[in-house]
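Asks: So here's coords_13.txt, just compact mmCIF, C-alpha atoms:
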# COMPACT_ATOMS: atom_id res chain seq x y z
CA MET A 8 7.09 -19.90 -43.47
CA ALA A 9 9.00 -19.96 -40.23
CA ARG A 10 7.27 -18.86 -37.05
CA LYS A 11 9.14 -16.78 -34.55
CA MET A 12 8.79 -17.52 -30.88
CA ALA A 13 9.57 -15.09 -28.13
CA LEU A 14 9.67 -15.34 -24.38
CA VAL A 15 6.90 -13.49 -22.61
CA PRO A 16 8.00 -11.33 -19.67
CA LYS A 17 6.91 -12.74 -16.31
CA GLU A 18 4.99 -9.55 -15.45
CA LEU A 19 2.68 -10.03 -18.42
CA VAL A 20 2.12 -13.72 -17.80
CA SER A 21 1.19 -13.23 -14.16
CA GLU A 22 -1.15 -10.37 -15.06
CA TYR A 23 -2.95 -12.60 -17.55
CA TYR A 24 -3.44 -15.35 -15.00
CA GLN A 25 -4.45 -12.89 -12.30
CA LEU A 26 -7.20 -11.50 -14.51
CA ASN A 27 -8.69 -14.98 -14.56
CA LYS A 28 -9.46 -14.56 -10.85
CA LEU A 29 -12.90 -13.04 -10.45
CA GLU A 30 -12.08 -10.64 -7.60
CA ILE A 31 -9.07 -9.19 -9.44
CA ARG A 32 -11.14 -8.81 -12.61
CA VAL A 33 -13.83 -6.90 -10.68
CA GLU A 34 -11.17 -4.66 -9.09
CA ASP A 35 -9.76 -4.01 -12.56
CA ASN A 36 -13.22 -3.12 -13.90
CA ILE A 37 -13.80 -0.67 -11.04
CA SER A 38 -10.38 0.91 -11.52
CA ASN A 39 -10.86 1.27 -15.28
CA LEU A 40 -14.28 2.78 -14.73
CA LEU A 41 -12.94 5.39 -12.31
CA HIS A 42 -10.11 6.39 -14.65
CA ASN A 43 -12.31 6.52 -17.75
CA GLU A 44 -12.74 10.15 -18.82
CA GLU A 45 -15.20 9.40 -21.63
CA LYS A 46 -18.13 8.35 -19.43
CA SER A 47 -20.27 10.91 -17.64
CA ASP A 48 -20.51 10.94 -13.85
CA ASP A 49 -24.09 9.62 -13.96
CA VAL A 50 -23.05 6.59 -15.99
CA LYS A 51 -20.05 6.00 -13.70
CA ALA A 52 -22.30 6.15 -10.63
CA LYS A 53 -24.72 3.63 -12.12
CA LEU A 54 -21.93 1.24 -13.10
CA LEU A 55 -20.23 1.61 -9.71
CA SER A 56 -23.52 0.79 -7.98
CA HIS A 57 -23.39 -2.49 -9.90
CA TRP A 58 -19.70 -3.36 -9.37
CA ILE A 59 -19.16 -2.35 -5.72
CA PRO A 60 -21.78 -4.71 -4.16
CA LYS A 61 -20.47 -7.50 -6.39
CA TYR A 62 -16.94 -6.83 -5.11
CA GLN A 63 -18.14 -6.73 -1.50
CA ARG A 64 -19.88 -10.12 -1.89
CA LEU A 65 -16.72 -11.61 -3.40
CA MET A 66 -14.48 -10.39 -0.60
CA GLN A 67 -16.65 -11.69 2.25
CA PRO A 68 -15.96 -15.24 3.36
CA PRO A 69 -18.80 -17.64 2.53
CA PRO A 70 -21.25 -18.20 5.38
CA LYS A 71 -20.99 -21.38 7.39
CA PRO A 72 -23.46 -24.07 6.34
CA PHE A 73 -26.60 -24.21 8.40
CA ALA A 74 -26.86 -27.34 10.52
CA ILE A 75 -30.29 -28.70 11.38
CA PRO A 76 -30.38 -30.13 14.91
CA LYS A 77 -31.10 -33.87 15.09
CA GLU A 78 -34.10 -33.27 17.37
CA LEU A 79 -35.84 -31.26 14.68
CA LEU A 80 -35.13 -33.89 12.06
CA GLN A 81 -36.61 -36.64 14.23
CA GLU A 82 -39.71 -34.55 14.99
CA ALA A 83 -40.26 -33.89 11.29
CA GLU A 84 -40.06 -37.62 10.49
CA VAL A 85 -42.62 -38.42 13.19
CA GLU A 86 -45.00 -35.74 11.91
CA LEU A 87 -44.72 -37.07 8.36
CA GLU A 88 -45.53 -40.59 9.47
CA GLU A 89 -48.60 -39.38 11.38
CA THR A 90 -49.98 -37.20 8.58
CA LEU A 91 -49.57 -39.60 5.65
CA PRO A 92 -52.69 -41.64 4.90
CA PRO A 93 -52.24 -45.37 4.40
CA LEU A 94 -51.65 -46.43 0.81
CA ARG A 95 -54.49 -48.26 -0.88
CA TYR A 96 -53.84 -50.44 -3.84
CA PRO A 97 -56.75 -51.24 -6.18
Let me see the structure of the file written as structure tokens.
Replies:
Amino acid sequence: MARKMALVPKELVSEYYQLNKLEIRVEDNISNLLHNEEKSDDVKAKLLSHWIPKYQRLMQPPPKPFAIPKELLQEAEVELEETLPPLRYP
């Protein structure tokens, strides 16, 4: 049996790869939810309360990493050395 191959239009290929991106997938879920006539308004509100904060977290840039000042690190090492009892081997 011979298999037929066809070229896929560029619009469809790019849409498939875009849906692999999390933020675009969440936008698509929100859009589909808003245009869905089968679900009641209460169900839509509950689902939107789930998807909208998720979308907001995705769209915010990640926070900068917290840097611990060297002075605090040195103080913590000194405190550890002072509080540890000497090791006793039997």
Asks: Can you measure atom CA of A:Ile37 to atom CA of A:Lys53 for me? One decimal in Å is fine.
Replies: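 These atoms are spaced 11.8 Å apart.
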Asks: At a cut-off of 9 Å, using all atoms listed in the file, what residues contact A:Trp58? Leave out same-chain residues fewer than 6 positions from it and give the result as a list in words.
Replies: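 Non-adjacent residues within range: Val33, Glu34, Asn36 and Ile37 of chain A.
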Asks: Atom CA of A:Ser38 and atom CA of A:Leu65, how far apart in Å?
Replies: 16.2 Å
Asks: Can you work out the spacing between atom CA of A:Asn43 and atom CA of A:Arg64 in Å, to one decimal?
Replies: 24.2 Å
Asks: Go through A:Ile31, A:Met66, A:Leu14, A:Leu41 and flag the residue nearest A:Leu54, using only C-alpha atoms for the distances.
Replies: A:Leu41
Asks: Pull C-alpha atoms for stretch 62-78 of chain A from the block and write them as a PDB file, in the first residue's frame.
Replies:
ATOM      1  CA  TYR A  62      -1.321  33.462  33.135  1.00  0.00           C
ATOM      2  CA  GLN A  63      -0.272  36.451  35.252  1.00  0.00           C
ATOM      3  CA  ARG A  64       2.546  34.432  36.871  1.00  0.00           C
ATOM      4  CA  LEU A  65       3.746  33.286  33.451  1.00  0.00           C
ATOM      5  CA  MET A  66       3.842  36.791  32.011  1.00  0.00           C
ATOM      6  CA  GLN A  67       5.814  38.346  34.881  1.00  0.00           C
ATOM      7  CA  PRO A  68       9.588  38.203  34.566  1.00  0.00           C
ATOM      8  CA  PRO A  69      11.205  35.890  37.117  1.00  0.00           C
ATOM      9  CA  PRO A  70      12.464  37.652  40.241  1.00  0.00           C
ATOM     10  CA  LYS A  71      16.156  38.346  40.574  1.00  0.00           C
ATOM     11  CA  PRO A  72      18.004  35.817  42.712  1.00  0.00           C
ATOM     12  CA  PHE A  73      18.518  36.854  46.292  1.00  0.00           C
ATOM     13  CA  ALA A  74      22.142  37.546  47.146  1.00  0.00           C
ATOM     14  CA  ILE A  75      23.330  36.986  50.698  1.00  0.00           C
ATOM     15  CA  PRO A  76      25.889  39.611  51.749  1.00  0.00           C
ATOM     16  CA  LYS A  77      29.344  38.216  52.547  1.00  0.00           C
ATOM     17  CA  GLU A  78      29.263  39.761  56.030  1.00  0.00           C
TER      18      GLU A  78
END
